[in-house]
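Below: one structure, written as structure tokens.
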Amino acid sequence: SARIHERGAVMSEIVTIGLDLGTNVFRAHGADPSGRAVLCKRLRRDQVLSFLGQLGPCVVAMETCGVAHFRSREIGKLGHEGGSFRRPM
């Protein structure tokens, strides 16, 4: 199978994704096991789940908001561990 590369890293090396939820455009930031940033990708709403479906199991974190719980469940169906966090004050 073809591997997708971003910033020289193989996507299967990504173990953590930070997902910035927007109204129409989302940002995905990925890190490898050492914590090094290897991905910064802009995605439309309709591209998010298909993009995450191409990745191996990883932790996907997003800020708590009205749709974060729904997104976490959808992401979990893809084999990822989805969760949300509250931004510190």
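Note on naming: chains are A, B, ... as they come in the structure tokens, residues start from 1 per chain, ligands start from 1 in the order shown.
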Next item on the list: Pick out each residue of chain A that DSSP on the backbone tags as strand (DSSP E); I need them as a ChimeraX atom specification.
Entry: /A:5-6,9-10,16-20,25-31,37-44,59-63,81-85
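The nearest approach to A:Gln47 among the residues A:Thr16, A:Asn24, A:Ser72, A:Ser84, with only C-alpha atoms taken into account, belongs to A:Asn24.
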Item checked: Surrounding residues of A:Gly22 excluding itself and chain neighbours under 6 positions, 10 Å, only C-alpha atoms, as a PyMOL selection string -> chain A and resi 43-45
Note to self: I need the residues of chain A that end up classed as helix (DSSP H, G or I) by DSSP on the backbone, written out as a PyMOL selection string.
What the structure shows: chain A and resi 11-13+45-53+68-76
Please produce a file of those selected residues containing C-alpha atoms, as an mmCIF file, in the first residue's frame.
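Dumped to result33.cif:
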```
data_model
loop_
_atom_site.group_PDB
_atom_site.id
_atom_site.type_symbol
_atom_site.label_atom_id
_atom_site.label_comp_id
_atom_site.auth_asym_id
_atom_site.auth_seq_id
_atom_site.Cartn_x
_atom_site.Cartn_y
_atom_site.Cartn_z
ATOM 1 C CA MET A 11 2.235 8.966 8.348
ATOM 2 C CA SER A 12 2.332 5.594 10.140
ATOM 3 C CA GLU A 13 4.911 7.123 12.533
ATOM 4 C CA ARG A 45 -14.796 19.339 7.410
ATOM 5 C CA ASP A 46 -15.641 16.580 4.917
ATOM 6 C CA GLN A 47 -11.968 15.465 4.705
ATOM 7 C CA VAL A 48 -11.274 14.933 8.418
ATOM 8 C CA LEU A 49 -12.567 11.391 8.915
ATOM 9 C CA SER A 50 -11.141 10.067 5.647
ATOM 10 C CA PHE A 51 -7.739 11.582 6.536
ATOM 11 C CA LEU A 52 -7.779 10.057 10.029
ATOM 12 C CA GLY A 53 -8.855 6.736 8.520
ATOM 13 C CA ALA A 68 -16.001 17.586 20.450
ATOM 14 C CA HIS A 69 -17.902 14.686 22.054
ATOM 15 C CA PHE A 70 -19.541 13.794 18.734
ATOM 16 C CA ARG A 71 -16.198 14.024 16.920
ATOM 17 C CA SER A 72 -14.518 11.872 19.602
ATOM 18 C CA ARG A 73 -17.073 9.109 19.066
ATOM 19 C CA GLU A 74 -16.647 9.242 15.278
ATOM 20 C CA ILE A 75 -12.856 9.211 15.623
ATOM 21 C CA GLY A 76 -13.063 6.272 18.047
#
```
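You can rank A:Ala31, A:Leu55, A:Ile14, A:Leu21 by their closest distance to A:Val67 using only C-alpha atoms, and at the top of that list sits A:Leu21.
Between atom CA of A:Arg27 and atom CA of A:Lys41 the separation is 5.7 Å.
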Next item on the list: Please identify all polymer residues within 7 Å of A:Val15, counting only C-alpha atoms, omitting same-chain residues fewer than 5 positions from it, and present them as a VMD selection string.
Entry: chain A and resid 31 to 33 58 to 59
Just to be explicit: take each residue in the selection above, keep all heavy atoms, and write the result as an mmCIF file, in the first residue's frame.
```cif
data_model
loop_
_atom_site.group_PDB
_atom_site.id
_atom_site.type_symbol
_atom_site.label_atom_id
_atom_site.label_comp_id
_atom_site.auth_asym_id
_atom_site.auth_seq_id
_atom_site.Cartn_x
_atom_site.Cartn_y
_atom_site.Cartn_z
ATOM 1 N N ALA A 31 2.406 14.387 15.731
ATOM 2 C CA ALA A 31 3.715 14.202 16.368
ATOM 3 C C ALA A 31 4.095 12.726 16.322
ATOM 4 O O ALA A 31 3.235 11.849 16.412
ATOM 5 C CB ALA A 31 3.688 14.689 17.810
ATOM 6 N N ASP A 32 5.400 12.482 16.187
ATOM 7 C CA ASP A 32 5.904 11.107 16.195
ATOM 8 C C ASP A 32 6.145 10.666 17.642
ATOM 9 O O ASP A 32 5.897 11.436 18.575
ATOM 10 C CB ASP A 32 7.155 11.003 15.321
ATOM 11 C CG ASP A 32 8.363 11.752 15.854
ATOM 12 O OD1 ASP A 32 8.342 12.244 17.006
ATOM 13 O OD2 ASP A 32 9.349 11.861 15.106
ATOM 14 N N PRO A 33 6.609 9.435 17.876
ATOM 15 C CA PRO A 33 6.794 8.952 19.248
ATOM 16 C C PRO A 33 7.730 9.807 20.108
ATOM 17 O O PRO A 33 7.597 9.850 21.328
ATOM 18 C CB PRO A 33 7.370 7.543 19.059
ATOM 19 C CG PRO A 33 6.837 7.101 17.738
ATOM 20 C CD PRO A 33 6.831 8.358 16.896
ATOM 21 N N CYS A 58 -3.902 6.133 16.864
ATOM 22 C CA CYS A 58 -3.176 7.174 17.580
ATOM 23 C C CYS A 58 -4.138 7.914 18.507
ATOM 24 O O CYS A 58 -5.337 7.667 18.502
ATOM 25 C CB CYS A 58 -2.503 8.143 16.600
ATOM 26 S SG CYS A 58 -3.611 9.013 15.503
ATOM 27 N N VAL A 59 -3.603 8.787 19.305
ATOM 28 C CA VAL A 59 -4.394 9.629 20.191
ATOM 29 C C VAL A 59 -4.733 10.901 19.430
ATOM 30 O O VAL A 59 -3.850 11.544 18.869
ATOM 31 C CB VAL A 59 -3.610 9.980 21.481
ATOM 32 C CG1 VAL A 59 -4.385 10.968 22.329
ATOM 33 C CG2 VAL A 59 -3.289 8.721 22.261
#
```
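Counting from atom CA of A:Gly79, the distance to atom CA of A:Cys65 is 21.8 Å.
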